[in-house]
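Undergrad: Structure in structure tokens, see below.
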Amino acid sequence: MRSRRGRLGVAGLGLVLAALLPATVPSTAAADTGSVIGGPRMAEQGFVVPSGATALPNISSAAWVVADADTGQVLAARDPHRKLRPASTLKTLLALTMAPRLNNTDLYVADWEDANQEGTRIGLWPGHTYKVGDLWYALMLKSGNDAATALAKAGAGSLQQGIAMMQAEARRLQANDTTVVNPSGLDADGQFSSAYDLALWGRAALQRGDLRRYMTTVRHSFNAVSVPADSKYKDEAMYARTENRLVQNEYPGAIGVKMGYTTKAQNTMIAAAERDGRRIVASLMFTPQGRITPDAAALLEWGFANSGRVEPVGQLVEPLSKAVVSEADLAPVVGVSTNDIRPTSVANASDSDDLLVGGFSAKTSAMTGGLLAVAAALGVLALKVAKRRRRFAAAGVYRY
């Protein structure tokens, strides 16, 4: 007879596995394959591979797409329209939405809503004024959730309007699997996207020179433009270093785009590289710890080896219209906050560790990198991994 401890270990392992397996997330393949965005084969579940292609690499991601970024031809995919959580890759959609509406020289005054965002932050202080150009680096390199909220408000005038504009941008791009709940990609009820949609965002971002500049930058530092004389917070230099390991490690031709991680999304990524005049984009979702960078590199290599020599299995569709900036957007309300009341959920204002611990929050992160361990085969090992995760989280450390 099994001991009570043994039964509990097995039951606990079952709960861990159930929480991790991507099968818990519904598929979105349409019954009418003729209406599927990207072509009939994009409705297929499982691996979607052209005949005559080289063998696929062993990719651990639950869903992925690899495509020619210039022609939009989808070369291969796995569950391309399956709805999964995007994590910080959603910041790419934010950038596509707000970059046409903001100038790098615009100024933004941060408030408590920005400074108190959950997860990874660059460290914006309430009342301090920042240049929008610096906030883009904080967003695309550091994956700062404070920068995401700030840029959404800078371009739209309010957070809710910014979210609505992101949703509209998703529809313009025909990223119809995407539902936007917040601008950062933090886990939220109802916030989903798909590998196909992420590939659409990546392709669109590569067409903007300003976003390419942020994507390929390795590091950037900046200070606030101005600080109130009575500010309780010291104006310290902020440092943003890319979390994109392909760019960090000088993967041949790497040009971005964005990485992400949350506990529910696991590791996600939009990767792109350019060689000999050909650009390949790959999107990966629900990838276990330690696999996102090698998986992305393997897909890019496969894309370069097969692009132009195999029949595509689908198409990254063109936007429904060109990016349009309305008259109201020509002079956007650049989020100068009137929120002078400190939220009751924030601790003493002098306790900077409540807002920033070594550049990271001890809460769930929407940034790149990740701490969630792969479910173990034994209950004892699963408990050890969980204990280690809690210790890392308490220290504010996140690992790939």
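Residue numbering restarts at 1 in every chain; chains get A, B, ... in the order shown in the structure tokens, and ligands count up from 1 in that same order.
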Excluding Asn267 (chain A) and any residue of its chain fewer than 3 positions from it, enumerate the residues within 9 Å of it, using only C-alpha atoms, and give them as a short mmCIF file (atom, residue, chain, number, x, y, z; two decimals) with N, CA and C atoms, in the first residue's frame.
TA:
data_model
loop_
_atom_site.label_atom_id
_atom_site.label_comp_id
_atom_site.auth_asym_id
_atom_site.auth_seq_id
_atom_site.Cartn_x
_atom_site.Cartn_y
_atom_site.Cartn_z
N SER A 61 8.61 24.03 -28.58
CA SER A 61 7.52 24.98 -28.44
C SER A 61 6.19 24.33 -28.82
N PRO A 86 0.68 35.53 -24.91
CA PRO A 86 1.83 36.08 -25.65
C PRO A 86 2.99 36.53 -24.79
N ALA A 87 2.76 36.78 -23.49
CA ALA A 87 3.78 37.39 -22.63
C ALA A 87 4.28 38.70 -23.29
N MET A 259 11.33 39.08 -27.00
CA MET A 259 11.17 37.88 -26.18
C MET A 259 10.15 38.14 -25.09
N GLY A 260 9.68 37.06 -24.47
CA GLY A 260 8.73 37.22 -23.38
C GLY A 260 8.72 36.01 -22.47
N TYR A 261 8.25 36.24 -21.24
CA TYR A 261 8.08 35.14 -20.30
C TYR A 261 7.07 35.52 -19.24
N THR A 262 6.14 34.64 -18.96
CA THR A 262 5.34 34.66 -17.73
C THR A 262 5.16 33.22 -17.30
N THR A 263 4.69 33.02 -16.09
CA THR A 263 4.51 31.65 -15.61
C THR A 263 3.49 30.90 -16.44
N LEU A 284 7.52 31.76 -31.65
CA LEU A 284 7.45 30.56 -30.82
C LEU A 284 6.66 30.87 -29.56
N MET A 285 5.78 29.94 -29.16
CA MET A 285 4.94 30.14 -27.98
C MET A 285 4.95 28.89 -27.11
N PHE A 286 4.80 29.12 -25.82
CA PHE A 286 4.77 28.08 -24.79
C PHE A 286 5.98 27.15 -24.95
N THR A 287 7.14 27.73 -24.69
CA THR A 287 8.40 27.01 -24.81
C THR A 287 8.99 26.80 -23.42
N PRO A 288 9.39 25.58 -23.07
CA PRO A 288 9.88 25.34 -21.71
C PRO A 288 11.21 26.02 -21.44
N GLN A 289 11.54 26.07 -20.17
CA GLN A 289 12.75 26.74 -19.70
C GLN A 289 13.99 26.24 -20.42
N GLY A 290 14.82 27.20 -20.84
CA GLY A 290 16.10 26.87 -21.43
C GLY A 290 16.07 26.53 -22.90
N ARG A 291 14.90 26.54 -23.53
CA ARG A 291 14.80 26.08 -24.90
C ARG A 291 14.52 27.20 -25.90
N ILE A 292 14.09 28.36 -25.45
CA ILE A 292 13.58 29.35 -26.39
C ILE A 292 14.65 29.82 -27.38
N THR A 368 11.44 38.92 -20.73
CA THR A 368 12.10 37.75 -21.23
C THR A 368 12.76 37.01 -20.10
N GLY A 369 13.23 35.85 -20.43
CA GLY A 369 13.81 35.02 -19.43
C GLY A 369 12.71 34.26 -18.73
N GLY A 370 12.99 33.29 -17.90
CA GLY A 370 11.94 32.59 -17.22
C GLY A 370 12.50 31.72 -16.14
N TYR A 400 16.76 31.90 -18.06
CA TYR A 400 16.28 31.23 -19.26
C TYR A 400 16.29 29.74 -19.03
#
Undergrad: From region 62-292 of chain A, collect each residue whose DSSP state is alpha helix (DSSP H) and return the set as a PyMOL selection string.
TA: chain A and resi 90-98+112-115+132-140+145-156+159-172+195-206+209-216+245-248+292
Undergrad: List the spatial neighbours of Ala205 (chain A) as a short mmCIF file (atom, residue, chain, number, x, y, z; two decimals) with all heavy atoms, in the first residue's frame - criterion: any atom at most 10 Å away, only C-alpha atoms, same-chain residues fewer than 4 positions off excluded.
TA:
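Once everything was written out, this is part08.cif:
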data_model
loop_
_atom_site.label_atom_id
_atom_site.label_comp_id
_atom_site.auth_asym_id
_atom_site.auth_seq_id
_atom_site.Cartn_x
_atom_site.Cartn_y
_atom_site.Cartn_z
N THR A 92 5.46 44.15 -28.86
CA THR A 92 5.67 44.44 -30.28
C THR A 92 4.44 45.07 -30.88
O THR A 92 4.54 46.02 -31.67
CB THR A 92 6.01 43.14 -31.03
OG1 THR A 92 7.05 42.44 -30.36
CG2 THR A 92 6.44 43.44 -32.47
N LEU A 93 3.27 44.57 -30.51
CA LEU A 93 2.02 45.18 -30.98
C LEU A 93 1.86 46.59 -30.42
O LEU A 93 1.41 47.50 -31.13
CB LEU A 93 0.83 44.31 -30.57
CG LEU A 93 -0.55 44.82 -31.00
CD1 LEU A 93 -0.68 44.86 -32.52
CD2 LEU A 93 -1.66 43.94 -30.40
N ALA A 95 4.32 48.61 -29.74
CA ALA A 95 5.24 49.45 -30.51
C ALA A 95 4.67 49.79 -31.88
O ALA A 95 4.77 50.93 -32.34
CB ALA A 95 6.59 48.74 -30.65
N LEU A 96 4.06 48.81 -32.53
CA LEU A 96 3.45 49.06 -33.85
C LEU A 96 2.31 50.05 -33.75
O LEU A 96 2.07 50.83 -34.67
CB LEU A 96 2.95 47.75 -34.45
CG LEU A 96 4.02 46.75 -34.89
CD1 LEU A 96 3.39 45.39 -35.18
CD2 LEU A 96 4.75 47.27 -36.12
N ALA A 199 3.87 36.25 -35.74
CA ALA A 199 4.65 36.38 -36.98
C ALA A 199 4.22 37.60 -37.77
O ALA A 199 5.05 38.29 -38.37
CB ALA A 199 4.51 35.11 -37.82
N LEU A 200 2.91 37.89 -37.76
CA LEU A 200 2.43 39.12 -38.42
C LEU A 200 3.06 40.35 -37.78
O LEU A 200 3.51 41.27 -38.48
CB LEU A 200 0.91 39.21 -38.33
CG LEU A 200 0.06 38.29 -39.20
CD1 LEU A 200 -1.43 38.53 -38.91
CD2 LEU A 200 0.33 38.52 -40.69
N TRP A 201 3.07 40.39 -36.44
CA TRP A 201 3.67 41.53 -35.75
C TRP A 201 5.14 41.66 -36.08
O TRP A 201 5.63 42.76 -36.34
CB TRP A 201 3.55 41.39 -34.22
CG TRP A 201 2.19 41.17 -33.69
CD1 TRP A 201 0.98 41.35 -34.35
CD2 TRP A 201 1.85 40.69 -32.40
NE1 TRP A 201 -0.06 41.01 -33.53
CE2 TRP A 201 0.44 40.62 -32.33
CE3 TRP A 201 2.61 40.32 -31.29
CZ2 TRP A 201 -0.23 40.19 -31.18
CZ3 TRP A 201 1.95 39.89 -30.15
CH2 TRP A 201 0.55 39.83 -30.09
N GLY A 209 11.99 51.21 -39.72
CA GLY A 209 13.39 51.45 -39.41
C GLY A 209 13.63 51.80 -37.95
O GLY A 209 14.63 51.40 -37.36
N ASP A 210 12.68 52.56 -37.34
CA ASP A 210 12.87 52.95 -35.95
C ASP A 210 12.83 51.73 -35.03
O ASP A 210 13.66 51.58 -34.14
CB ASP A 210 11.85 53.99 -35.52
CG ASP A 210 10.41 53.59 -35.83
OD1 ASP A 210 10.20 52.55 -36.48
OD2 ASP A 210 9.49 54.34 -35.43
N LEU A 211 11.88 50.83 -35.28
CA LEU A 211 11.79 49.65 -34.43
C LEU A 211 12.97 48.71 -34.65
O LEU A 211 13.46 48.08 -33.70
CB LEU A 211 10.47 48.92 -34.69
CG LEU A 211 9.19 49.71 -34.36
CD1 LEU A 211 7.96 48.82 -34.49
CD2 LEU A 211 9.26 50.34 -32.97
N ARG A 212 13.45 48.62 -35.87
CA ARG A 212 14.65 47.80 -36.13
C ARG A 212 15.84 48.33 -35.34
O ARG A 212 16.68 47.56 -34.86
CB ARG A 212 14.98 47.76 -37.62
CG ARG A 212 14.05 46.90 -38.44
CD ARG A 212 14.71 46.47 -39.76
NE ARG A 212 15.28 47.58 -40.50
CZ ARG A 212 14.62 48.33 -41.36
NH1 ARG A 212 13.33 48.08 -41.60
NH2 ARG A 212 15.21 49.32 -42.01
N MET A 215 15.43 47.12 -31.79
CA MET A 215 15.59 45.66 -31.71
C MET A 215 17.04 45.22 -31.73
O MET A 215 17.42 44.26 -31.05
CB MET A 215 14.91 44.99 -32.91
CG MET A 215 13.43 45.08 -32.99
SD MET A 215 12.95 44.37 -34.59
CE MET A 215 11.40 45.20 -34.87
N GLY A 256 16.41 40.97 -34.23
CA GLY A 256 15.29 41.12 -33.28
C GLY A 256 14.49 39.83 -33.20
O GLY A 256 14.97 38.78 -33.56
N VAL A 257 13.27 39.89 -32.65
CA VAL A 257 12.44 41.07 -32.49
C VAL A 257 12.12 41.28 -31.01
O VAL A 257 12.40 42.31 -30.45
CB VAL A 257 11.14 40.91 -33.30
CG1 VAL A 257 10.15 42.06 -33.05
CG2 VAL A 257 11.43 40.78 -34.78
#
Undergrad: Given only C-alpha atoms as the basis, pick out the residue of A:Pro100, A:Ser143, A:Lys83, A:His128 nearest to Thr179 (chain A).
TA: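 Nearest candidate to Thr179 (chain A) out of A:Pro100, A:Ser143, A:Lys83, A:His128: A:Lys83.
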Undergrad: Using only C-alpha atoms, determine which residues lie at most 10 Å from Gln207 (chain A), disregarding the query and same-chain residues fewer than 5 positions distant; provide the list as a ChimeraX atom specification.
TA: /A:69-70,202,212
Undergrad: Can you pull out every residue within 7 Å of Ala240 (chain A), counting only C-alpha atoms, but drop anything in the same chain fewer than 4 positions away, and send it as an NGL selection string?
TA: :A and (137-138 or 141-142 or 219-221)
Undergrad: For Arg171 (chain A), list every protein, DNA or RNA residue within 9 Å, evaluated using only C-alpha atoms, and leave out those in the same chain fewer than 6 positions away; present the list as an NGL selection string.
TA: :A and (178 or 319-320)
Undergrad: From the set A:Ala168, A:Ala273, A:Asp134, A:Gly253, which residue has the shortest atom-to-atom contact distance to Tyr239 (chain A), counting only C-alpha atoms?
TA: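 Going through A:Ala168, A:Ala273, A:Asp134, A:Gly253 one by one, the smallest distance to Tyr239 (chain A) is for A:Asp134.
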Undergrad: When DSSP works through the backbone of this structure, what residues of region 4-214 of chain A end up as strand (DSSP E or B), shown as a list of chain:residue names?
TA: A:Phe47, A:Val48, A:Ala63, A:Trp64, A:Val65, A:Val66, A:Ala67, A:Asp68, A:Gln73, A:Val74, A:Leu75, A:Ala76, A:Ala77, A:Arg78, A:Leu84, A:Leu107, A:Tyr108, A:Val109, A:Thr129, A:Tyr130, A:Lys131, A:Thr179, A:Phe192, A:Ser193
Undergrad: Limited to C-alpha atoms, could you put the picked residues into a file as a CSV table (one decimal), in the first residue's frame?
TA:
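See result.csv below for the written result:
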chain,number,residue,atom,x,y,z
A,47,PHE,CA,2.9,20.1,-37.7
A,48,VAL,CA,2.3,21.9,-41.1
A,63,ALA,CA,3.1,26.4,-31.4
A,64,TRP,CA,5.4,28.1,-33.9
A,65,VAL,CA,5.6,29.7,-37.3
A,66,VAL,CA,8.6,30.2,-39.6
A,67,ALA,CA,8.2,32.5,-42.6
A,68,ASP,CA,10.0,34.6,-45.2
A,73,GLN,CA,5.3,33.0,-47.3
A,74,VAL,CA,4.8,30.7,-44.3
A,75,LEU,CA,7.4,27.9,-44.7
A,76,ALA,CA,6.2,25.6,-41.9
A,77,ALA,CA,4.2,25.8,-38.7
A,78,ARG,CA,2.9,24.0,-35.7
A,84,LEU,CA,-1.9,31.0,-26.2
A,107,LEU,CA,8.3,64.1,-23.1
A,108,TYR,CA,6.4,62.0,-20.6
A,109,VAL,CA,5.9,62.5,-16.9
A,129,THR,CA,10.1,63.4,-16.9
A,130,TYR,CA,11.5,61.1,-19.6
A,131,LYS,CA,12.1,61.3,-23.3
A,179,THR,CA,-7.3,39.9,-27.6
A,192,PHE,CA,-4.4,35.6,-25.9
A,193,SER,CA,-2.7,35.5,-29.3
